[in-house]
Amino acid sequence: MTATPVIEITDVSKAFKEIRAVNNLSLTIYEGEYVALLGPNGAGKTTLIEMIEGIQKPDSGTIRILGMNWKEHEHRLHQNIGLSLQETKFIDKITTKETLDLFGSFYGLSAGRTGEILELVNLTEKRNAYTVHLSGGQRQRLAIGIALLNHPKVLLLDEPTTGLDPGARREIWKILKRLRLEFNTTMILTTHYMEEAEVLCERILIMDKGQFIAAGTLAELNARHGEGDLVEITFDRNFDLTSAGLSGVKKVNWVEPHTRAQVFVDNISEVLPSIIESSRSRNVAITALNSRKMTLDDLFISMTGRHLTDS
Amino acid sequence: MKSLYQLILSVFRVFFREPAIIFWAVLFPIIMAWVLGIAFSKNGESVRTVYVTGTQPVPEKISGEKVFNDETGNPYRIKFRNASGEEALNAIRRGLIVIYVEVAGDSILYHFDPSNSDAQLTYLILDKGLHQRVADDKTSIRPLQTKGTRYIDFLVPGLIALGIMNSCVWGIGWTLIETRMKKLMRRMVATPMRKSLFLSSYIVTRIVLAGFETLLLLTFAHFYFDIGITGSVAAFVLVFLAGIFAFSGIAILMASRTSKTEVANGLVNAVTLPMMILSGIFFNYHNFPGWAISFIQALPLTLLADSLRSVFIEAAGLPEVMKAVAILGFTGLATFVAGLKIFRWY
């Protein structure tokens, strides 16, 4: 299978005053790919996606979408891209249907398209409700509906589910999954929910401080950076776990110095008995213990020492 | 064309779905015309209080209540009250009275601040009334009650001009800033929508909405105060359109950068307040010093209000308003182009 590149980003940088929001990034995304940009607030996700959307101009580097660039092909790119911004508000006293009609008219679409979209994003029942009366999830579905009006080849979604409850989030995932199946759309999505990246996207790019710190499928990321288990352990007094000479420990991350730690290990069943043994021999009691498989959030913590959801 | 139609439609929908907008845009100017028209054109009695000090007992003609009518042309009821000199001074300081009369033997002394025009007026009423010079002099009063000379005739064209300004500055300026603030503008320009169409839709809607507001105010003024256009209707329509165009440009320039409501508030006030005060909407600006008048006359709202007045009262036709129309048109074009140049779409 020869994949067609849809988005080609080459050596792109963007700075705001002293802050390098995006630092010399390159990335190629192929047709039909769903890519997640994962990272905490301020990682540069929005800046990168807004440069792809043509809203911001890179200081240096080039961005090509479907073989076109923003400078020369603005109008055609607008016709081929669908996007949703972080938190768009609509005109309060205009209904869902009227909002779609308005945006549809910009693409020269007939009123019939509004009906299809209402069906697709499951808002048919809310067609005559003013946008101000929609719930957060419904409003976000409307934003995605607008993004889909023009049958976009490229879909760019900036935090489509931030602030939504799990039910509303899953409903949006369902829409996006269906889209990929039916239209082979290419999508970039920014998020700081690792679950969202896992569920929707085969390629995950983890961003921090304007750079990709890890990239790949979930399996690849785990193999390369994680693959293993995590033990969270609390001691009743100072215990320098690192000096205990344990084998099979990949990394120790102290949450509270010498009393509470996250221990990244290859295999929990091999390492845990030796941790317990060495603490007992030093008369240190374990007051809390929790072990599990690594998640992307754990992966992020192991790489940066911070949570994905930290700001 | 379809998107222009949809854009215009959404502005109308918002307008008619928001009862508060209808009240402030349509009913408020009518109420204002009604209240001010009544307050300044009613031939009712005007009541003033005057303190009397000095020799007791005071002469009969300056005690109790007296009504002067023939002497002044409008009935003034004067209430005289005996008081000490000290009391009278205090009452002036507190603003209870503007003048007091001192009886000294045969003569009457008027105490008042000559730079206070209300005190001057009261003095003249008293002087006329008490001495009944009408009979002696060869002067007399002929009250003017004909169309075109009343305060309401002056007021209504001014209110129409004010309505046009407010309609554009709020309806276009404020809405643009709000659309930018909500990131809705950013979302709209990420579609193939044409930016010129987007801005034009606002001007077209203003012509219709301000036209509707003006028509209602005119209808009310016609039936309630018997006001009509004495000049050419075509001139009126042309001046109206030039006004919309000028203030649309000003509103677009005003709204070209900011996305903060606090700044928007300040901008709207900075644009509208000086003109509302200076441009002679409620009171004639010819009382300002000479150097200020030429500046005031160059303000768009003054141009608009004066041209509308000339069409309403002085029977002006197209040739008389052409100069003002040209200046307003140019103002609109210049501000529109400048606004578009620095407009922040994202």
# chains A, B, ... in the order shown; residues from 1 in each chain; ligands from 1

$ interface_residues --of "chain B" --to "chain A" --cutoff "7 Å" --atoms "only C-alpha atoms" --output "short mmCIF file (atom, residue, chain, number, x, y, z; two decimals) with N, CA and C atoms, in the first residue's frame"
data_model
loop_
_atom_site.label_atom_id
_atom_site.label_comp_id
_atom_site.auth_asym_id
_atom_site.auth_seq_id
_atom_site.Cartn_x
_atom_site.Cartn_y
_atom_site.Cartn_z
N LYS B 2 -26.08 33.57 -1.86
CA LYS B 2 -26.80 32.78 -0.88
C LYS B 2 -26.24 33.04 0.52
N SER B 3 -24.92 33.20 0.59
CA SER B 3 -24.34 33.42 1.92
C SER B 3 -24.67 34.83 2.42
N GLN B 6 -28.07 34.53 3.83
CA GLN B 6 -28.05 33.84 5.13
C GLN B 6 -27.49 34.73 6.24
N LEU B 7 -26.44 35.51 5.90
CA LEU B 7 -25.83 36.40 6.90
C LEU B 7 -26.84 37.46 7.33
N VAL B 14 -31.74 37.62 15.05
CA VAL B 14 -31.28 38.04 16.38
C VAL B 14 -32.07 39.27 16.81
N ARG B 17 -35.67 38.38 17.73
CA ARG B 17 -35.83 37.39 18.80
C ARG B 17 -35.41 37.96 20.16
N LYS B 182 -16.22 35.79 20.67
CA LYS B 182 -16.73 34.41 20.75
C LYS B 182 -15.95 33.46 19.86
N LYS B 183 -14.97 33.96 19.15
CA LYS B 183 -14.19 33.17 18.18
C LYS B 183 -15.05 32.71 17.01
N LEU B 184 -16.23 33.29 16.89
CA LEU B 184 -17.12 32.90 15.80
C LEU B 184 -16.60 33.46 14.48
N ALA B 190 -12.58 30.79 8.46
CA ALA B 190 -11.93 29.53 8.12
C ALA B 190 -12.76 28.75 7.10
N THR B 191 -13.81 29.37 6.57
CA THR B 191 -14.61 28.77 5.50
C THR B 191 -14.35 29.60 4.23
N PRO B 192 -14.87 29.17 3.10
CA PRO B 192 -14.65 29.99 1.89
C PRO B 192 -15.49 31.28 1.87
N MET B 193 -16.14 31.64 2.96
CA MET B 193 -16.96 32.86 3.01
C MET B 193 -16.12 34.07 2.59
N TYR B 346 -8.76 37.12 13.21
CA TYR B 346 -8.56 35.97 14.09
C TYR B 346 -8.53 36.37 15.54
#

$ residues_around --residues "Glu45 (chain B)" --least-positions-apart "6" --cutoff "12 Å" --atoms "only C-alpha atoms" --output "list of chain:residue names"
B:Ala39, B:Lys66, B:Val67, B:Phe68, B:Asn69, B:Thr72, B:Gly73, B:Asn74, B:Pro75, B:Tyr76, B:Arg77, B:Ile78

$ write_last_selection --atoms "N, CA and C atoms" --output "mmCIF file, in the first residue's frame"
data_model
loop_
_atom_site.group_PDB
_atom_site.id
_atom_site.type_symbol
_atom_site.label_atom_id
_atom_site.label_comp_id
_atom_site.auth_asym_id
_atom_site.auth_seq_id
_atom_site.Cartn_x
_atom_site.Cartn_y
_atom_site.Cartn_z
ATOM 1 N N ALA B 39 -42.455 67.898 27.176
ATOM 2 C CA ALA B 39 -41.843 68.727 28.204
ATOM 3 C C ALA B 39 -41.537 70.130 27.697
ATOM 4 N N LYS B 66 -48.920 85.220 42.289
ATOM 5 C CA LYS B 66 -49.351 86.034 41.148
ATOM 6 C C LYS B 66 -49.085 85.255 39.865
ATOM 7 N N VAL B 67 -49.993 85.403 38.902
ATOM 8 C CA VAL B 67 -49.768 84.781 37.595
ATOM 9 C C VAL B 67 -49.564 85.875 36.563
ATOM 10 N N PHE B 68 -48.423 85.849 35.879
ATOM 11 C CA PHE B 68 -48.159 86.796 34.788
ATOM 12 C C PHE B 68 -48.336 86.040 33.475
ATOM 13 N N ASN B 69 -49.193 86.554 32.621
ATOM 14 C CA ASN B 69 -49.459 85.839 31.378
ATOM 15 C C ASN B 69 -49.308 86.753 30.166
ATOM 16 N N THR B 72 -45.859 88.168 29.492
ATOM 17 C CA THR B 72 -44.720 87.345 29.091
ATOM 18 C C THR B 72 -45.024 86.394 27.935
ATOM 19 N N GLY B 73 -46.281 86.209 27.620
ATOM 20 C CA GLY B 73 -46.630 85.318 26.510
ATOM 21 C C GLY B 73 -46.892 83.892 26.952
ATOM 22 N N ASN B 74 -46.393 83.512 28.101
ATOM 23 C CA ASN B 74 -46.593 82.168 28.637
ATOM 24 C C ASN B 74 -46.927 82.335 30.125
ATOM 25 N N PRO B 75 -47.922 81.611 30.634
ATOM 26 C CA PRO B 75 -48.281 81.843 32.039
ATOM 27 C C PRO B 75 -47.168 81.436 33.015
ATOM 28 N N TYR B 76 -46.738 82.361 33.836
ATOM 29 C CA TYR B 76 -45.768 82.079 34.905
ATOM 30 C C TYR B 76 -46.429 82.347 36.234
ATOM 31 N N ARG B 77 -46.441 81.326 37.114
ATOM 32 C CA ARG B 77 -46.994 81.527 38.446
ATOM 33 C C ARG B 77 -45.843 81.780 39.402
ATOM 34 N N ILE B 78 -45.849 82.929 40.035
ATOM 35 C CA ILE B 78 -44.775 83.282 40.965
ATOM 36 C C ILE B 78 -45.310 83.188 42.392
#

$ select_by_dssp --residues "region 78-269 of chain B" --states "strand (DSSP E)" --output "list in words"
Ile78, Lys79, Phe80, Arg81, Asn82, Ile99, Tyr100, Val101, Glu102, Val103, Ala104, Ser107, Ile108, Leu109, Tyr110, His111 and Phe112 of chain B

$ write_last_selection --atoms "N, CA and C atoms" --output "CSV table (one decimal), in the first residue's frame"
chain,number,residue,atom,x,y,z
B,78,ILE,N,-45.8,82.9,40.0
B,78,ILE,CA,-44.8,83.3,41.0
B,78,ILE,C,-45.3,83.2,42.4
B,79,LYS,N,-44.6,82.4,43.2
B,79,LYS,CA,-45.0,82.3,44.6
B,79,LYS,C,-44.0,83.2,45.4
B,80,PHE,N,-44.6,84.2,46.1
B,80,PHE,CA,-43.8,85.1,46.9
B,80,PHE,C,-43.8,84.6,48.3
B,81,ARG,N,-42.7,84.6,49.0
B,81,ARG,CA,-42.6,84.2,50.4
B,81,ARG,C,-41.7,85.2,51.2
B,82,ASN,N,-42.2,85.6,52.3
B,82,ASN,CA,-41.4,86.5,53.2
B,82,ASN,C,-40.3,85.8,53.8
B,99,ILE,N,-33.6,83.9,42.7
B,99,ILE,CA,-33.6,85.3,42.9
B,99,ILE,C,-34.4,85.7,44.1
B,100,TYR,N,-34.0,86.8,44.8
B,100,TYR,CA,-34.9,87.3,45.9
B,100,TYR,C,-35.0,88.8,45.8
B,101,VAL,N,-36.2,89.3,46.3
B,101,VAL,CA,-36.5,90.7,46.1
B,101,VAL,C,-36.4,91.4,47.5
B,102,GLU,N,-35.7,92.5,47.5
B,102,GLU,CA,-35.6,93.3,48.7
B,102,GLU,C,-36.4,94.6,48.6
B,103,VAL,N,-37.3,94.8,49.5
B,103,VAL,CA,-38.1,96.0,49.5
B,103,VAL,C,-37.4,97.0,50.4
B,104,ALA,N,-37.0,98.2,49.8
B,104,ALA,CA,-36.4,99.2,50.5
B,104,ALA,C,-37.2,100.5,50.3
B,107,SER,N,-38.6,101.6,46.7
B,107,SER,CA,-37.9,100.9,45.6
B,107,SER,C,-37.8,99.4,45.9
B,108,ILE,N,-37.7,98.7,44.8
B,108,ILE,CA,-37.5,97.2,44.8
B,108,ILE,C,-36.1,96.8,44.3
B,109,LEU,N,-35.3,96.1,45.1
B,109,LEU,CA,-34.0,95.6,44.6
B,109,LEU,C,-34.0,94.1,44.3
B,110,TYR,N,-33.5,93.8,43.1
B,110,TYR,CA,-33.4,92.4,42.7
B,110,TYR,C,-32.1,91.8,43.1
B,111,HIS,N,-32.0,90.7,43.8
B,111,HIS,CA,-30.7,90.1,44.1
B,111,HIS,C,-30.6,88.8,43.3
B,112,PHE,N,-29.7,88.7,42.4
B,112,PHE,CA,-29.5,87.4,41.7
B,112,PHE,C,-28.1,87.4,41.0

$ closest_residue --among "B:Thr205, B:Ser248, B:Thr261, B:Thr53" --to "Phe12 (chain B)" --atoms "only C-alpha atoms"
B:Thr205

$ residues_around --residues "region 18-35 of chain B" --least-positions-apart "3" --cutoff "10 Å" --atoms "only C-alpha atoms" --output "VMD selection string"
(chain A and resid 93) or (chain B and resid 13 to 15 38 to 40 152 155 to 156 158 to 160 162 to 164 166 to 167 170 to 171 209 to 210 212 to 221 224 to 225)

$ write_last_selection --atoms "N, CA and C atoms" --output "mmCIF file, in the first residue's frame"
data_model
loop_
_atom_site.group_PDB
_atom_site.id
_atom_site.type_symbol
_atom_site.label_atom_id
_atom_site.label_comp_id
_atom_site.auth_asym_id
_atom_site.auth_seq_id
_atom_site.Cartn_x
_atom_site.Cartn_y
_atom_site.Cartn_z
ATOM 1 N N LYS A 93 -29.164 33.408 19.852
ATOM 2 C CA LYS A 93 -30.572 33.201 19.524
ATOM 3 C C LYS A 93 -30.785 32.714 18.090
ATOM 4 N N ARG B 13 -32.861 37.764 12.489
ATOM 5 C CA ARG B 13 -33.392 36.823 13.475
ATOM 6 C C ARG B 13 -33.014 37.260 14.875
ATOM 7 N N VAL B 14 -31.738 37.618 15.045
ATOM 8 C CA VAL B 14 -31.285 38.040 16.376
ATOM 9 C C VAL B 14 -32.073 39.272 16.813
ATOM 10 N N PHE B 15 -32.260 40.198 15.865
ATOM 11 C CA PHE B 15 -32.959 41.447 16.184
ATOM 12 C C PHE B 15 -34.376 41.176 16.683
ATOM 13 N N ILE B 38 -43.229 66.759 24.730
ATOM 14 C CA ILE B 38 -44.239 67.229 25.672
ATOM 15 C C ILE B 38 -43.632 68.259 26.623
ATOM 16 N N ALA B 39 -42.455 67.898 27.176
ATOM 17 C CA ALA B 39 -41.843 68.727 28.204
ATOM 18 C C ALA B 39 -41.537 70.130 27.697
ATOM 19 N N PHE B 40 -41.155 70.243 26.418
ATOM 20 C CA PHE B 40 -40.715 71.544 25.938
ATOM 21 C C PHE B 40 -41.745 72.295 25.103
ATOM 22 N N ILE B 152 -40.105 70.618 19.093
ATOM 23 C CA ILE B 152 -40.254 69.249 18.594
ATOM 24 C C ILE B 152 -39.825 69.145 17.125
ATOM 25 N N LEU B 155 -36.242 68.799 17.318
ATOM 26 C CA LEU B 155 -35.817 67.576 17.995
ATOM 27 C C LEU B 155 -35.904 66.326 17.113
ATOM 28 N N VAL B 156 -37.014 66.153 16.402
ATOM 29 C CA VAL B 156 -37.240 64.882 15.706
ATOM 30 C C VAL B 156 -36.157 64.554 14.662
ATOM 31 N N GLY B 158 -33.137 65.470 14.720
ATOM 32 C CA GLY B 158 -31.958 65.156 15.538
ATOM 33 C C GLY B 158 -32.025 63.741 16.077
ATOM 34 N N LEU B 159 -33.212 63.352 16.548
ATOM 35 C CA LEU B 159 -33.376 61.991 17.079
ATOM 36 C C LEU B 159 -33.189 60.942 15.987
ATOM 37 N N ILE B 160 -33.623 61.265 14.779
ATOM 38 C CA ILE B 160 -33.422 60.324 13.666
ATOM 39 C C ILE B 160 -31.926 60.154 13.410
ATOM 40 N N LEU B 162 -29.494 60.676 15.535
ATOM 41 C CA LEU B 162 -28.936 59.955 16.685
ATOM 42 C C LEU B 162 -29.223 58.455 16.564
ATOM 43 N N GLY B 163 -30.440 58.136 16.135
ATOM 44 C CA GLY B 163 -30.831 56.734 15.957
ATOM 45 C C GLY B 163 -29.950 56.041 14.930
ATOM 46 N N ILE B 164 -29.635 56.741 13.841
ATOM 47 C CA ILE B 164 -28.776 56.162 12.803
ATOM 48 C C ILE B 164 -27.392 55.878 13.385
ATOM 49 N N ASN B 166 -26.479 55.468 16.583
ATOM 50 C CA ASN B 166 -26.505 54.388 17.568
ATOM 51 C C ASN B 166 -26.724 53.035 16.919
ATOM 52 N N SER B 167 -27.602 53.000 15.944
ATOM 53 C CA SER B 167 -27.894 51.748 15.264
ATOM 54 C C SER B 167 -26.628 51.175 14.647
ATOM 55 N N TRP B 170 -23.645 50.538 17.589
ATOM 56 C CA TRP B 170 -23.938 49.349 18.400
ATOM 57 C C TRP B 170 -24.171 48.130 17.528
ATOM 58 N N GLY B 171 -25.032 48.291 16.553
ATOM 59 C CA GLY B 171 -25.442 47.151 15.736
ATOM 60 C C GLY B 171 -24.302 46.564 14.928
ATOM 61 N N LEU B 209 -32.861 47.936 9.084
ATOM 62 C CA LEU B 209 -33.295 48.083 10.479
ATOM 63 C C LEU B 209 -33.408 49.550 10.894
ATOM 64 N N ALA B 210 -32.403 50.359 10.530
ATOM 65 C CA ALA B 210 -32.475 51.778 10.880
ATOM 66 C C ALA B 210 -33.614 52.443 10.110
ATOM 67 N N PHE B 212 -36.418 51.020 9.314
ATOM 68 C CA PHE B 212 -37.605 50.604 10.046
ATOM 69 C C PHE B 212 -37.780 51.446 11.319
ATOM 70 N N GLU B 213 -36.671 51.645 12.056
ATOM 71 C CA GLU B 213 -36.729 52.459 13.270
ATOM 72 C C GLU B 213 -37.144 53.897 12.945
ATOM 73 N N THR B 214 -36.525 54.437 11.889
ATOM 74 C CA THR B 214 -36.810 55.813 11.493
ATOM 75 C C THR B 214 -38.271 55.977 11.076
ATOM 76 N N LEU B 215 -38.746 55.008 10.316
ATOM 77 C CA LEU B 215 -40.127 55.065 9.831
ATOM 78 C C LEU B 215 -41.113 55.081 11.001
ATOM 79 N N LEU B 216 -40.832 54.252 12.003
ATOM 80 C CA LEU B 216 -41.723 54.207 13.164
ATOM 81 C C LEU B 216 -41.719 55.537 13.907
ATOM 82 N N LEU B 217 -40.515 56.091 14.107
ATOM 83 C CA LEU B 217 -40.394 57.368 14.812
ATOM 84 C C LEU B 217 -41.113 58.470 14.022
ATOM 85 N N LEU B 218 -40.919 58.441 12.703
ATOM 86 C CA LEU B 218 -41.557 59.445 11.841
ATOM 87 C C LEU B 218 -43.076 59.342 11.896
ATOM 88 N N THR B 219 -43.571 58.124 11.830
ATOM 89 C CA THR B 219 -45.015 57.914 11.871
ATOM 90 C C THR B 219 -45.590 58.452 13.168
ATOM 91 N N PHE B 220 -44.905 58.120 14.261
ATOM 92 C CA PHE B 220 -45.359 58.608 15.560
ATOM 93 C C PHE B 220 -45.342 60.133 15.590
ATOM 94 N N ALA B 221 -44.222 60.720 15.154
ATOM 95 C CA ALA B 221 -44.080 62.175 15.201
ATOM 96 C C ALA B 221 -45.121 62.845 14.301
ATOM 97 N N TYR B 224 -48.638 62.357 16.143
ATOM 98 C CA TYR B 224 -48.750 62.940 17.485
ATOM 99 C C TYR B 224 -48.398 64.423 17.492
ATOM 100 N N PHE B 225 -47.373 64.803 16.742
ATOM 101 C CA PHE B 225 -46.929 66.201 16.772
ATOM 102 C C PHE B 225 -47.153 66.923 15.444
#

$ atom_distance --atom1 "CA of Ser60 (chain A)" --atom2 "CA of Ser13 (chain A)"
5.4 Å

$ residues_around --residues "Lys323 (chain B)" --least-positions-apart "5" --cutoff "10 Å" --atoms "only C-alpha atoms" --output "short mmCIF file (atom, residue, chain, number, x, y, z; two decimals) with N, CA and C atoms, in the first residue's frame"
data_model
loop_
_atom_site.label_atom_id
_atom_site.label_comp_id
_atom_site.auth_asym_id
_atom_site.auth_seq_id
_atom_site.Cartn_x
_atom_site.Cartn_y
_atom_site.Cartn_z
N LEU B 303 -23.35 66.97 10.75
CA LEU B 303 -23.68 67.03 9.32
C LEU B 303 -25.00 66.34 9.04
N SER B 307 -28.44 68.32 8.05
CA SER B 307 -29.02 68.07 6.73
C SER B 307 -30.45 67.56 6.86
N LEU B 318 -32.56 68.15 -3.17
CA LEU B 318 -31.29 67.47 -3.42
C LEU B 318 -30.09 68.41 -3.49
N LEU B 328 -20.27 62.91 4.04
CA LEU B 328 -20.63 61.70 4.78
C LEU B 328 -20.19 60.45 4.01
N GLY B 329 -20.42 60.47 2.72
CA GLY B 329 -20.03 59.33 1.89
C GLY B 329 -18.53 59.10 1.93
#

$ residues_around --residues "Ala316 (chain B)" --least-positions-apart "4" --cutoff "7 Å" --atoms "only C-alpha atoms" --output "CSV table (one decimal) with C-alpha atoms, in the first residue's frame"
chain,number,residue,atom,x,y,z
B,231,GLY,CA,-38.4,69.3,1.6
B,232,SER,CA,-37.8,66.5,-1.0
B,310,SER,CA,-32.9,71.3,6.5
B,311,VAL,CA,-35.0,68.7,4.7
B,320,GLU,CA,-28.9,71.7,-0.8

$ atom_distance --atom1 "CA of Pro166 (chain A)" --atom2 "CA of Glu195 (chain A)"
10.7 Å

$ residues_around --residues "Leu100 (chain A)" --least-positions-apart "6" --cutoff "9 Å" --atoms "only C-alpha atoms" --output "PyMOL selection string"
chain A and resi 111+113-114+117-118+142+145-146+149

$ write_last_selection --atoms "N, CA and C atoms" --output "JSON list (two decimals), in the first residue's frame"
[["chain", "number", "residue", "atom", "x", "y", "z"],
["A", 111, "ALA", "N", -29.82, 23.14, 1.50],
["A", 111, "ALA", "CA", -30.37, 22.93, 2.83],
["A", 111, "ALA", "C", -30.41, 21.45, 3.19],
["A", 113, "ARG", "N", -28.11, 19.32, 3.03],
["A", 113, "ARG", "CA", -26.89, 18.94, 3.74],
["A", 113, "ARG", "C", -27.06, 19.15, 5.24],
["A", 114, "THR", "N", -27.79, 20.21, 5.62],
["A", 114, "THR", "CA", -28.03, 20.47, 7.04],
["A", 114, "THR", "C", -28.70, 19.26, 7.69],
["A", 117, "ILE", "N", -26.26, 16.43, 8.20],
["A", 117, "ILE", "CA", -25.33, 16.69, 9.30],
["A", 117, "ILE", "C", -26.03, 16.53, 10.65],
["A", 118, "LEU", "N", -27.25, 17.05, 10.74],
["A", 118, "LEU", "CA", -28.00, 16.92, 11.99],
["A", 118, "LEU", "C", -28.12, 15.44, 12.36],
["A", 142, "LEU", "N", -22.27, 20.22, 17.50],
["A", 142, "LEU", "CA", -22.62, 21.19, 16.45],
["A", 142, "LEU", "C", -21.34, 21.70, 15.78],
["A", 145, "GLY", "N", -20.21, 19.15, 13.58],
["A", 145, "GLY", "CA", -21.12, 19.12, 12.43],
["A", 145, "GLY", "C", -20.74, 20.18, 11.40],
["A", 146, "ILE", "N", -20.42, 21.37, 11.88],
["A", 146, "ILE", "CA", -20.00, 22.45, 10.97],
["A", 146, "ILE", "C", -18.70, 22.05, 10.27],
["A", 149, "LEU", "N", -19.49, 19.77, 7.31],
["A", 149, "LEU", "CA", -20.43, 20.22, 6.28],
["A", 149, "LEU", "C", -19.91, 19.99, 4.86]]

$ residues_around --residues "region 39-45 of chain A" --least-positions-apart "2" --cutoff "12 Å" --atoms "only C-alpha atoms" --output "number ranges by chain"
A: 12-16, 19-25, 36-37, 47-52, 86, 156-159, 162, 188-194, 197, 204-215, 296-297, 299-301, 303-311

$ write_last_selection --atoms "C-alpha atoms" --output "mmCIF file, in the first residue's frame"
data_model
loop_
_atom_site.group_PDB
_atom_site.id
_atom_site.type_symbol
_atom_site.label_atom_id
_atom_site.label_comp_id
_atom_site.auth_asym_id
_atom_site.auth_seq_id
_atom_site.Cartn_x
_atom_site.Cartn_y
_atom_site.Cartn_z
ATOM 1 C CA VAL A 12 8.211 24.625 11.404
ATOM 2 C CA SER A 13 8.890 27.044 14.280
ATOM 3 C CA LYS A 14 6.754 29.676 15.917
ATOM 4 C CA ALA A 15 7.613 31.944 18.849
ATOM 5 C CA PHE A 16 5.511 34.365 20.888
ATOM 6 C CA ILE A 19 8.404 31.637 24.293
ATOM 7 C CA ARG A 20 9.147 29.134 21.552
ATOM 8 C CA ALA A 21 5.669 27.669 21.210
ATOM 9 C CA VAL A 22 6.626 25.324 18.378
ATOM 10 C CA ASN A 23 10.261 24.417 17.980
ATOM 11 C CA ASN A 24 11.476 23.120 14.614
ATOM 12 C CA LEU A 25 8.890 20.417 14.034
ATOM 13 C CA ALA A 36 -3.470 12.601 18.093
ATOM 14 C CA LEU A 37 -1.420 15.468 19.438
ATOM 15 C CA THR A 47 -0.193 26.723 17.959
ATOM 16 C CA LEU A 48 0.763 23.809 15.710
ATOM 17 C CA ILE A 49 -2.812 23.002 14.707
ATOM 18 C CA GLU A 50 -3.630 26.675 14.101
ATOM 19 C CA MET A 51 -0.664 26.914 11.770
ATOM 20 C CA ILE A 52 -2.034 23.929 9.861
ATOM 21 C CA GLN A 86 -11.131 25.274 21.047
ATOM 22 C CA LEU A 156 -8.531 19.399 12.312
ATOM 23 C CA LEU A 157 -10.055 19.263 15.770
ATOM 24 C CA ASP A 158 -8.620 21.276 18.642
ATOM 25 C CA GLU A 159 -9.573 19.667 21.938
ATOM 26 C CA THR A 162 -12.271 19.140 26.717
ATOM 27 C CA ILE A 188 -5.468 15.583 13.504
ATOM 28 C CA LEU A 189 -6.883 15.950 16.956
ATOM 29 C CA THR A 190 -5.367 17.633 19.968
ATOM 30 C CA THR A 191 -6.245 16.389 23.388
ATOM 31 C CA HIS A 192 -4.962 15.943 26.854
ATOM 32 C CA TYR A 193 -6.968 12.820 27.454
ATOM 33 C CA MET A 194 -4.780 9.838 26.766
ATOM 34 C CA ALA A 197 -5.819 9.294 21.791
ATOM 35 C CA ILE A 204 0.079 9.382 18.801
ATOM 36 C CA LEU A 205 2.457 12.310 19.050
ATOM 37 C CA ILE A 206 3.315 13.416 22.535
ATOM 38 C CA MET A 207 4.203 17.090 22.719
ATOM 39 C CA ASP A 208 5.971 19.031 25.402
ATOM 40 C CA LYS A 209 7.522 22.497 25.231
ATOM 41 C CA GLY A 210 7.016 22.841 21.490
ATOM 42 C CA GLN A 211 8.538 19.516 20.537
ATOM 43 C CA PHE A 212 7.514 15.919 19.966
ATOM 44 C CA ILE A 213 8.985 13.937 22.799
ATOM 45 C CA ALA A 214 7.560 10.641 21.599
ATOM 46 C CA ALA A 215 5.691 9.354 18.563
ATOM 47 C CA LEU A 296 -0.028 7.083 28.340
ATOM 48 C CA ASP A 297 -0.358 9.458 31.248
ATOM 49 C CA LEU A 299 4.350 7.369 30.154
ATOM 50 C CA PHE A 300 4.195 11.126 30.018
ATOM 51 C CA ILE A 301 5.038 11.366 33.706
ATOM 52 C CA MET A 303 9.304 11.285 30.510
ATOM 53 C CA THR A 304 8.609 14.726 31.914
ATOM 54 C CA GLY A 305 7.771 14.297 35.577
ATOM 55 C CA ARG A 306 4.401 16.002 34.959
ATOM 56 C CA HIS A 307 0.841 14.893 34.345
ATOM 57 C CA LEU A 308 -0.772 15.370 30.924
ATOM 58 C CA THR A 309 -3.591 17.275 32.526
ATOM 59 C CA ASP A 310 -1.257 19.674 34.366
ATOM 60 C CA SER A 311 -1.322 23.189 33.089
#

$ atom_distance --atom1 "CA of Ala3 (chain A)" --atom2 "CA of Glu196 (chain A)"
24.4 Å

$ select_by_dssp --residues "region 89-285 of chain B" --states "helix (DSSP H, G or I)" --output "MDAnalysis selection string"
chainID B and resid 89:93 117:131 133:136 151:181 184:188 195:225 233:254 261:278 285

$ decode --residues "region 278-283 of chain A" --atoms "N, CA and C atoms" --output "PDB file, in the first residue's frame"
ATOM      1  N   SER A 278      13.273  -5.699  50.890  1.00  0.00           N
ATOM      2  CA  SER A 278      14.306  -4.744  51.296  1.00  0.00           C
ATOM      3  C   SER A 278      13.763  -3.701  52.271  1.00  0.00           C
ATOM      4  N   SER A 279      12.492  -3.349  52.154  1.00  0.00           N
ATOM      5  CA  SER A 279      11.954  -2.388  53.115  1.00  0.00           C
ATOM      6  C   SER A 279      11.796  -3.039  54.488  1.00  0.00           C
ATOM      7  N   ARG A 280      11.383  -4.323  54.477  1.00  0.00           N
ATOM      8  CA  ARG A 280      11.221  -5.009  55.758  1.00  0.00           C
ATOM      9  C   ARG A 280      12.562  -5.148  56.475  1.00  0.00           C
ATOM     10  N   SER A 281      13.606  -5.441  55.703  1.00  0.00           N
ATOM     11  CA  SER A 281      14.912  -5.621  56.321  1.00  0.00           C
ATOM     12  C   SER A 281      15.439  -4.326  56.933  1.00  0.00           C
ATOM     13  N   ARG A 282      14.939  -3.195  56.459  1.00  0.00           N
ATOM     14  CA  ARG A 282      15.363  -1.916  57.039  1.00  0.00           C
ATOM     15  C   ARG A 282      14.334  -1.375  58.031  1.00  0.00           C
ATOM     16  N   ASN A 283      13.368  -2.197  58.361  1.00  0.00           N
ATOM     17  CA  ASN A 283      12.322  -1.807  59.307  1.00  0.00           C
ATOM     18  C   ASN A 283      11.462  -0.622  58.839  1.00  0.00           C
TER      19      ASN A 283
END
